[in-house]
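Peer 1: My questions all concern the structure below.
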Protein chains: 2
Amino acid sequence: MAEIGVSGRVQRSKDAVLKTTNELMSEAGIGGVSIDEVSRRSGVAKTTIYRHWPSRSALLLDACSRLGARPDLPDTGSLEGDLAALVGYLTEQLRSARWPTILPSIVDAAERDPEIAALHARLQAGFAAPYLVAIERAKARGEVPADQDPGQIVAAIYGPFFYRRWFSREPIDRAFAARVVANVMAGIGRA
Amino acid sequence: MAEIGVSGRVQRSKDAVLKTTNELMSEAGIGGVSIDEVSRRSGVAKTTIYRHWPSRSALLLDACSRLGARPDLPDTGSLEGDLAALVGYLTEQLRSARWPTILPSIVDAAERDPEIAALHARLQAGFAAPYLVAIERAKARGEVPADQDPGQIVAAIYGPFFYRRWFSREPIDRAFAARVVANVMAGIGRA
C-alpha cells in the first residue's frame with residue numbers, strides 16, 4: 001500500500017504540473033510557461049518538477065505531445081479517401097482542439113530559440129507522418145507518380161488549412177476541406 | 001532655416017523610433033517591443049513617441065507597414081503569368097526580407113490580443129490584395145469560372161509557402177514555387 005501511495009503521489013504531482021502547463025499555454029502561449037510560474041500555480045516544488053523534466057523545453061515537449069495533434073492513420077484504399085479522412089479530422093481539430101491556439105507561440109519562439117525549434121520539428125514530424133504514409137501507399141498502388149515529391153503534396157494540403165486558421169482567419173468548413181483535397185488530386189493529375 | 005531645422009529634428013526622432021522598433025522586432029518579435037524599451041534604446045523621450053503614435057499598437061502597425069511585405073501588382077495578361085510573378089517575389093521575400101521573422105510573433109499575439117489581431121488583419125489584407133486583383137481580372141477574361149471562390153485560390157497559393165516557411169521549415173526555391181502555381185492552375189481546371 002505504501003508503495004502504491006508513493007507512486008500515486010508522484011503521478012498526482014506530474015498530472016498537476018502538466019495540467020498547469022497546459023493552462024498557462026492556453027492562456028498566453030508557451031511564452032507564459034516558466035518553471036517558476038508552473039511551481040507557484042500547481043503547488044509542486046521546483047525541485048520535484050526538475051526531477052521529472054530536466055528543463056523547461058522538456059516539460060513543454062511533454063505537454064505539447066499530449067495535445068492530441070497527431071491524427072490516426074486511415075487506410076481507405078485510395079489516396080483521395082485517406083486524404084478526405086485526414087482533413088476531416090484536421091478540420092475538427094482546428095475548430096475545437098487547444099493546440100491551434102498554442103502552436104503559433106511555438107512557431108514564433110522557434111524563430112529564435114534552437115531548443116524550441118527542435119521541439120517544433122518533432123511536433124511537425126508528427127503532423128506530417130500520416131500524410132507521408134498515405135502518399136507512399138498511393139505511390140505503391142501506382143496512384144501517384146513515383147517522381148512526385150511527397151513534401152510538396154503535404155504542403156499543398158496543410159498549407160491552405162494553416163493559412164486560413166492563422167493568417168487569413170477565414171472559416172474552415174467541410175466545403176473548404178473538400179476543395180483542398182480536390183485541388184491536390186487535380187495537381188497529382190487524377191482529378 | 002529654423003523651421004526646416006525643427007521639421008528635420010522631428011523626422012530624425014521618428015526615424016530613430018522606427019529604426020529601434022524594427023531592431024527590437026527582429027531580435028525578439030513584437031513581444032520585445034515596449035514603448036519603454038524603444039525610448040531607452042533610441043534616446044527619444046516617451047512623451048515624444050506618444051505624440052507621434054498614440055499607442056504601442058499604432059507604433060507596431062506603422063513599423064510593420066514599412067516592412068515591404070506588400071508586392072507590386074503584375075499585369076502579364078494571364079493568371080498563370082501574374083501568379084508566377086507574384087510567387088517569384090514572395091519566394092525572394094521569404095528568403096531575404098525581415099518580415100518573415102517577425103510575422104509569427106504577430107500571429108501569436110493575435111490569438112489573444114484584439115488590437116494585434118486588427119493589425120494582423122490589415123497586414124493580411126495587404127498580402128492578399130494583389131492576388132485577389134489578379135484572380136478578378138482572370139475571371140473577367142473568362143480564365144477562371146465565375147463561381148470559384150477567390151479566397152480558396154489565395155489559400156492554395158499562400159498556404160504551401162507559409163507552411164514551408166514557418167511549419168515544415170523546408171527550402172523554398174523556384175521549383176517549389178512553380179509547382180505551387182501548376183497545382184493551382186490544375187485545380188482551376190486550366191492545367
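Labels for the C-alpha cells follow display order: chains A, B, ..., residues from 1 in each chain, ligands from 1.
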What's the 12 Å shell around B:Ala58, counting only C-alpha atoms, without same-chain residues fewer than 6 positions away, as a list in words?

Peer 2: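 In the requested format, the answer is Leu18, Thr21, Val33, Ser34, Ile35, Ile49, Tyr50, Arg51, His52, Cys64, Ser65, Glu115, Ile116, Ala118 and Leu119 of chain B.
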
Peer 1: Which residues in chain A does DSSP call alpha helix (DSSP H)? List them as a PyMOL selection string.

Peer 2: chain A and resi 2-28+35-42+46-52+56-65+79-96+99-110+114-140+150-162+174-188

Peer 1: Pick out the closest residue to A:Gly32 from this set: A:Glu92, A:Lys46, A:Ala109, A:Arg70. Count only C-alpha atoms.

Peer 2: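 Closest residue, counting only C-alpha atoms: A:Ala109.
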
Peer 1: Residues of chain A that approach chain B to 6 Å or less, counting only C-alpha atoms: could you list each one with the shortest pair of atoms and its distance in Å to one decimal, rows by chain and increasing residue number, as CSV?

Peer 2:
```
residue,atom,partner,partner_atom,distance
A:Pro104,CA,B:Asp108,CA,4.8
A:Ser105,CA,B:Asp108,CA,5.2
A:Asp108,CA,B:Pro104,CA,4.8
A:Ala155,CA,B:Pro160,CA,4.7
A:Ala156,CA,B:Pro160,CA,5.3
A:Gly159,CA,B:Gly159,CA,3.7
A:Pro160,CA,B:Gly159,CA,4.3
A:Tyr163,CA,B:Gly159,CA,4.9
A:Asn183,CA,B:Gly187,CA,4.4
A:Ala186,CA,B:Gly187,CA,5.4
A:Gly187,CA,B:Asn183,CA,4.4
```

Peer 1: Keeping all heavy atoms, export the residues of the selection given above as a PDB file, in the first residue's frame.

Peer 2:
```
ATOM      1  N   PRO A 104       1.044  28.765 -32.617  1.00  0.00           N
ATOM      2  CA  PRO A 104       1.753  29.966 -33.073  1.00  0.00           C
ATOM      3  C   PRO A 104       2.849  30.439 -32.111  1.00  0.00           C
ATOM      4  O   PRO A 104       3.863  30.986 -32.547  1.00  0.00           O
ATOM      5  CB  PRO A 104       0.633  31.012 -33.185  1.00  0.00           C
ATOM      6  CG  PRO A 104      -0.602  30.218 -33.406  1.00  0.00           C
ATOM      7  CD  PRO A 104      -0.418  28.950 -32.600  1.00  0.00           C
ATOM      8  N   SER A 105       2.654  30.224 -30.816  1.00  0.00           N
ATOM      9  CA  SER A 105       3.689  30.660 -29.860  1.00  0.00           C
ATOM     10  C   SER A 105       4.936  29.788 -29.998  1.00  0.00           C
ATOM     11  O   SER A 105       6.057  30.250 -29.743  1.00  0.00           O
ATOM     12  CB  SER A 105       3.151  30.628 -28.424  1.00  0.00           C
ATOM     13  OG  SER A 105       2.920  29.296 -27.979  1.00  0.00           O
ATOM     14  N   ASP A 108       6.636  30.977 -33.284  1.00  0.00           N
ATOM     15  CA  ASP A 108       7.313  32.254 -33.047  1.00  0.00           C
ATOM     16  C   ASP A 108       8.622  32.037 -32.283  1.00  0.00           C
ATOM     17  O   ASP A 108       9.682  32.516 -32.700  1.00  0.00           O
ATOM     18  CB  ASP A 108       6.389  33.190 -32.276  1.00  0.00           C
ATOM     19  CG  ASP A 108       7.065  34.496 -31.905  1.00  0.00           C
ATOM     20  OD1 ASP A 108       7.813  35.027 -32.746  1.00  0.00           O
ATOM     21  OD2 ASP A 108       6.865  34.974 -30.776  1.00  0.00           O
ATOM     22  N   ALA A 155       2.537  19.945 -48.271  1.00  0.00           N
ATOM     23  CA  ALA A 155       2.423  21.414 -48.199  1.00  0.00           C
ATOM     24  C   ALA A 155       1.145  21.895 -48.875  1.00  0.00           C
ATOM     25  O   ALA A 155       0.512  22.861 -48.418  1.00  0.00           O
ATOM     26  CB  ALA A 155       3.645  22.074 -48.847  1.00  0.00           C
ATOM     27  N   ALA A 156       0.746  21.214 -49.961  1.00  0.00           N
ATOM     28  CA  ALA A 156      -0.471  21.616 -50.679  1.00  0.00           C
ATOM     29  C   ALA A 156      -1.726  21.305 -49.862  1.00  0.00           C
ATOM     30  O   ALA A 156      -2.782  21.908 -50.080  1.00  0.00           O
ATOM     31  CB  ALA A 156      -0.546  20.918 -52.037  1.00  0.00           C
ATOM     32  N   GLY A 159      -1.008  23.453 -46.060  1.00  0.00           N
ATOM     33  CA  GLY A 159      -0.839  24.876 -46.303  1.00  0.00           C
ATOM     34  C   GLY A 159      -2.137  25.671 -46.250  1.00  0.00           C
ATOM     35  O   GLY A 159      -2.267  26.609 -45.455  1.00  0.00           O
ATOM     36  N   PRO A 160      -3.126  25.321 -47.099  1.00  0.00           N
ATOM     37  CA  PRO A 160      -4.363  26.118 -47.098  1.00  0.00           C
ATOM     38  C   PRO A 160      -5.084  26.125 -45.745  1.00  0.00           C
ATOM     39  O   PRO A 160      -5.664  27.143 -45.358  1.00  0.00           O
ATOM     40  CB  PRO A 160      -5.221  25.424 -48.171  1.00  0.00           C
ATOM     41  CG  PRO A 160      -4.226  24.779 -49.086  1.00  0.00           C
ATOM     42  CD  PRO A 160      -3.093  24.340 -48.195  1.00  0.00           C
ATOM     43  N   TYR A 163      -2.940  28.338 -43.418  1.00  0.00           N
ATOM     44  CA  TYR A 163      -3.090  29.727 -43.881  1.00  0.00           C
ATOM     45  C   TYR A 163      -4.410  30.306 -43.378  1.00  0.00           C
ATOM     46  O   TYR A 163      -4.473  31.430 -42.887  1.00  0.00           O
ATOM     47  CB  TYR A 163      -3.035  29.769 -45.403  1.00  0.00           C
ATOM     48  CG  TYR A 163      -3.306  31.123 -45.987  1.00  0.00           C
ATOM     49  CD1 TYR A 163      -2.328  32.113 -45.985  1.00  0.00           C
ATOM     50  CD2 TYR A 163      -4.553  31.439 -46.532  1.00  0.00           C
ATOM     51  CE1 TYR A 163      -2.575  33.369 -46.518  1.00  0.00           C
ATOM     52  CE2 TYR A 163      -4.813  32.689 -47.064  1.00  0.00           C
ATOM     53  CZ  TYR A 163      -3.825  33.644 -47.054  1.00  0.00           C
ATOM     54  OH  TYR A 163      -4.079  34.890 -47.575  1.00  0.00           O
ATOM     55  N   ASN A 183      -8.271  19.944 -55.182  1.00  0.00           N
ATOM     56  CA  ASN A 183      -7.150  20.652 -55.818  1.00  0.00           C
ATOM     57  C   ASN A 183      -5.893  19.802 -55.817  1.00  0.00           C
ATOM     58  O   ASN A 183      -5.155  19.760 -56.802  1.00  0.00           O
ATOM     59  CB  ASN A 183      -6.852  21.963 -55.084  1.00  0.00           C
ATOM     60  CG  ASN A 183      -7.875  23.038 -55.396  1.00  0.00           C
ATOM     61  OD1 ASN A 183      -8.666  22.913 -56.341  1.00  0.00           O
ATOM     62  ND2 ASN A 183      -7.875  24.092 -54.592  1.00  0.00           N
ATOM     63  N   ALA A 186      -6.198  17.104 -58.331  1.00  0.00           N
ATOM     64  CA  ALA A 186      -6.017  17.668 -59.672  1.00  0.00           C
ATOM     65  C   ALA A 186      -4.547  17.897 -59.956  1.00  0.00           C
ATOM     66  O   ALA A 186      -4.062  17.625 -61.062  1.00  0.00           O
ATOM     67  CB  ALA A 186      -6.804  18.983 -59.798  1.00  0.00           C
ATOM     68  N   GLY A 187      -3.824  18.390 -58.948  1.00  0.00           N
ATOM     69  CA  GLY A 187      -2.391  18.639 -59.124  1.00  0.00           C
ATOM     70  C   GLY A 187      -1.618  17.354 -59.372  1.00  0.00           C
ATOM     71  O   GLY A 187      -0.627  17.334 -60.092  1.00  0.00           O
TER      72      GLY A 187
END
```

Peer 1: Rounded to one decimal in Å, what is the spacing between atom CA of B:Ala175 and atom CA of B:Gly81?

Peer 2: 15.4 Å

Peer 1: Fewer than 5 positions away in the same chain doesn't count, so skip those; otherwise give me all residues within 8 Å of stretch 129-131 of chain B, counting only C-alpha atoms, as an MDAnalysis selection string.

Peer 2: chainID B and resid 71:73 83 86 154

Peer 1: So what do you get for atom CA of A:Lys139 versus atom CA of A:Ala85, distance-wise?

Peer 2: 18.1 Å

Peer 1: So that I can check the surroundings of B:Arg12, please list as a PDB file with C-alpha atoms, in the first residue's frame every protein, DNA and RNA residue that reaches within 12 Å of it, counting only C-alpha atoms and ignoring chain neighbours fewer than 4 positions away.

Peer 2:
```
ATOM      1  CA  ILE B   4      13.423  73.260 -41.565  1.00  0.00           C
ATOM      2  CA  GLY B   5      15.547  72.527 -38.525  1.00  0.00           C
ATOM      3  CA  VAL B   6      12.537  71.699 -36.349  1.00  0.00           C
ATOM      4  CA  SER B   7      10.973  69.562 -39.041  1.00  0.00           C
ATOM      5  CA  GLY B   8      14.301  67.798 -39.557  1.00  0.00           C
ATOM      6  CA  ALA B  16      15.124  56.703 -34.782  1.00  0.00           C
ATOM      7  CA  VAL B  17      11.975  55.348 -33.128  1.00  0.00           C
ATOM      8  CA  LEU B  18      11.006  53.304 -36.206  1.00  0.00           C
ATOM      9  CA  LYS B  19      14.562  52.008 -36.641  1.00  0.00           C
ATOM     10  CA  SER B  42      16.509  55.164 -29.233  1.00  0.00           C
ATOM     11  CA  GLY B  43      17.088  58.000 -26.751  1.00  0.00           C
ATOM     12  CA  VAL B  44      13.747  59.554 -27.784  1.00  0.00           C
ATOM     13  CA  THR B  48       7.711  62.420 -27.934  1.00  0.00           C
ATOM     14  CA  ILE B  49       6.973  58.851 -29.021  1.00  0.00           C
TER      15      ILE B  49
END
```

Peer 1: With distances taken over only C-alpha atoms, which residue among A:Val38, A:Leu59, A:Leu24, A:Ala134 lies nearest A:Ala84?

Peer 2: A:Ala134

Peer 1: Could you please determine the separation between atom CA of A:Arg40 and atom CA of A:Pro54 in Å, to one decimal place?

Peer 2: 17.7 Å

Peer 1: Can you tell me which residues surround B:Gly142 at a distance of at most 12 Å, considering only C-alpha atoms, apart from same-chain residues fewer than 4 positions away, and format the answer as a CSV table (one decimal) with N, CA, C and O atoms, in the first residue's frame?

Peer 2:
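Resulting contents of part-v1.csv:
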```
chain,number,residue,atom,x,y,z
B,77,GLY,N,-1.2,39.6,-68.3
B,77,GLY,CA,-2.3,39.2,-69.3
B,77,GLY,C,-2.8,37.8,-69.1
B,77,GLY,O,-3.8,37.4,-69.7
B,78,SER,N,-2.2,37.0,-68.3
B,78,SER,CA,-2.7,35.7,-67.9
B,78,SER,C,-2.6,35.4,-66.4
B,78,SER,O,-1.7,36.0,-65.8
B,79,LEU,N,-3.5,34.6,-65.9
B,79,LEU,CA,-3.4,34.3,-64.5
B,79,LEU,C,-2.1,33.6,-64.1
B,79,LEU,O,-1.5,33.9,-63.1
B,135,ILE,N,-6.9,37.5,-59.6
B,135,ILE,CA,-8.0,36.5,-59.8
B,135,ILE,C,-9.2,37.1,-60.4
B,135,ILE,O,-9.9,36.6,-61.3
B,136,GLU,N,-9.6,38.3,-60.0
B,136,GLU,CA,-10.7,39.0,-60.5
B,136,GLU,C,-10.5,39.3,-62.0
B,136,GLU,O,-11.4,39.2,-62.8
B,137,ARG,N,-9.3,39.8,-62.4
B,137,ARG,CA,-9.0,40.0,-63.8
B,137,ARG,C,-9.2,38.8,-64.6
B,137,ARG,O,-9.7,38.8,-65.7
B,138,ALA,N,-8.7,37.6,-64.0
B,138,ALA,CA,-8.8,36.4,-64.7
B,138,ALA,C,-10.2,35.9,-64.9
B,138,ALA,O,-10.6,35.4,-66.0
B,146,ALA,N,-16.7,31.8,-62.9
B,146,ALA,CA,-17.2,32.9,-62.0
B,146,ALA,C,-17.5,32.3,-60.7
B,146,ALA,O,-17.5,33.1,-59.7
B,147,ASP,N,-17.8,31.0,-60.5
B,147,ASP,CA,-18.3,30.5,-59.2
B,147,ASP,C,-17.1,30.1,-58.3
B,147,ASP,O,-17.4,29.6,-57.2
B,148,GLN,N,-15.9,30.2,-58.8
B,148,GLN,CA,-14.8,29.8,-57.9
B,148,GLN,C,-14.5,30.9,-56.9
B,148,GLN,O,-14.5,32.1,-57.1
B,188,ILE,N,-7.9,24.8,-60.9
B,188,ILE,CA,-8.8,25.7,-61.6
B,188,ILE,C,-9.3,25.0,-62.9
B,188,ILE,O,-10.3,25.4,-63.4
B,190,ARG,N,-7.3,24.5,-65.6
B,190,ARG,CA,-6.7,25.0,-66.9
B,190,ARG,C,-5.3,24.5,-67.0
B,190,ARG,O,-4.5,25.1,-67.7
```
